There are 2 protein chains.
Amino acid sequence: MHATNTDDARGRGARVRAGRRRITSRAELEQVAFDLFEQRGFEQTTVEDIASAAGIGRRTFFRYFASKNEVPWGDFDGELARMRRRLAATPPQAPLMEAIRQAVVDFNKMPAEQWPAHRRRMTFILGVPALQAHSTLRFAAWRAVIADFAGQRTGQRPDDLLPSTIAHAMLGVAVAAYEQWLASPDADLCELLDAGVRALRSAFASSGE
Amino acid sequence: MHATNTDDARGRGARVRAGRRRITSRAELEQVAFDLFEQRGFEQTTVEDIASAAGIGRRTFFRYFASKNEVPWGDFDGELARMRRRLAATPPQAPLMEAIRQAVVDFNKMPAEQWPAHRRRMTFILGVPALQAHSTLRFAAWRAVIADFAGQRTGQRPDDLLPSTIAHAMLGVAVAAYEQWLASPDADLCELLDAGVRALRSAFASSGE
DNA sequence: CCTGTTATGGCACCGGGTGCCAGTAAGAGG
DNA sequence: CCTCTTACTGGCACCCGGTGCCATAACAGG
């Protein structure tokens with residue numbers, strides 16, 4: 001199971017460059033790490049454990065992941081780029097919060113065979129304290145995507161009160177829906193996301209203008 | 001500047017107990033630490049630096065704070081208890097989101113002379129990446145206070161979708177308001193909190209339904 | 001002064017993370 | 001085929017946060 005010079009382990013569609021090939025890949029290390037995390041728990045698994053289980057040196061692990069906390073995040077940046085494109089493609093006449101709701105729900109749609117893997121990933125991210133803490137740093141980029149969109153729509157800067165508040169609040173709604181999803185084995189993620197947004201909206205609606 | 005056996009450094013109104021007196025206090029260590037954080041930055045300040053600046057051993061530092069990340073949190077648990085009481089005292093006829101908004105705004109009211117200290121504290125918590133990450137773990141308790149209240153009001157369990165979503169979203173709104181406050185030297189925190197909630201409500205209101 | 005109690009802080013140790021650097025596996029070009 | 005360049009590997013030493021252990025110091029009460 002080695003990465004070759006032609007696949008994306010060498011960089012996005014880049015030409016075959018000179019130099020030694022990478023000995024493994026993020027995906028492969030993720031698999032090894034996840035297995036160990038499930039057996040012994042995240043805290044009980046050392047980077048040394050992961051490295052030697054993957055047949056690499058501890059030092060090399062840190063060339064694939066900036067930290068142990070980064071392991072479960074896959075290609076999150078790529079996903080965010082996808083969400084950004086999805087938002088950019090919304091019809092301009094749609095109300096702001098409607099547009100965001102649909103984009104967030106849409107963004108979390110995926111083929112059914114990916115559900116278990118995604119569930120495992122998110123169980124770690126939202127369940128393990130250290131990872132939960134770290135997620136805040138990653139989610140800042142998620143919020144930035146929403147805030148940028150809300151800023152454009154309202155003609156404000158992304159870090160103004162309204163865009164920033166919408167972004168923070170929507171992240172909260174999304175995380176709440178995810179927690180609900182992880183807690184119930186056969187729930188539908190997208191329905192929960194949708195229900196969450198609608199629930200919050202109606203909670204506000206019945207709070208007297 | 002020694003704690004005596006009679007003040008709360010020995011425990012909440014407990015009798016004067018036997019045993020050696022504590023050599024310092026959380027508040028005192030916080031001051032020392034804050035000064036160093038501001039001079040060199042949080043990451044550049046080691047626990048050893050704080051300890052020796054305070055004239056105690058490194059080991060002793062960890063008897064006052066479970067971790068370096070805990071330093072800026074003061075008596076957060078006590079504050080949460082206050083917020084819980086504040087919520088419990090809300091008239092039952094007030095709409096749910098209204099009650100929460102008022103409680104959150106109210107909860108953040110404080111005498112003007114405390115503003116600079118509070119600002120400094122929050123600048124660390126929301127500005128330093130490591131502390132920002134750690135805050136998620138602390139804020140879980142904040143969310144629990146809101147979720148418990150929302151659960152009681154709606155007759156649901158606190159970890160059901162609606163209460164949990166409201167709690168997550170309100171935390172988001174509060175953090176956004178805090179960030180705004182920290183960014184502008186002479187803004188009013190409570191007004192920003194209030195404005196944030198109202199902004200989100202009207203964003204939802206103009207999204208059809 | 002003795003006893004039980006509580007706080008201190010040194011020591012050794014663990015684990016995440018980093019700078020450094022010598023080695024090693026590749027492609028490119030003579 | 002040999003060499004040059006490129007880039008990945010991984011060992012080593014080190015830093016720092018955090019913990020278990022334990023001897024010792026300071027206190028209250030008898």
# chains A, B, ... in the order shown; residues from 1 in each chain; ligands from 1
>>> residues_around(residues="Phe37 in chain B", least_positions_apart="6", cutoff="10 Å", atoms="only C-alpha atoms (C1' of nucleotides)", output="count of residues only")
7
>>> interface_residues(of="chain D", to="chain B", cutoff="7 Å", atoms="only C-alpha atoms (C1' of nucleotides)", output="list in words")
DA26, DC27 and DA28 of chain D
>>> atom_distance(atom1="CA of Val71 in chain B", atom2="CA of Val128 in chain A")
22.2 Å
>>> closest_atom_pairs(of="chain C", to="chain B", cutoff="12 Å", atoms="only C-alpha atoms (C1' of nucleotides)", output="CSV")
residue,atom,partner,partner_atom,distance
C:DT3,C1',B:Ala18,CA,11.5
C:DG4,C1',B:Ala18,CA,8.5
C:DT5,C1',B:Gly19,CA,4.9
C:DT6,C1',B:Gly19,CA,4.1
C:DA7,C1',B:Arg20,CA,5.3
C:DT8,C1',B:Thr60,CA,6.6
C:DG9,C1',B:Gly57,CA,5.4
C:DG10,C1',B:Arg59,CA,8.5
C:DC11,C1',B:Arg59,CA,10.6
>>> interface_residues(of="chain A", to="chain B", cutoff="7 Å", atoms="only C-alpha atoms", output="number ranges by chain")
A: 95-98, 133-134, 136-137, 161-162, 164-166, 168-170, 172-173, 176-177, 180, 196, 199-201, 203-207
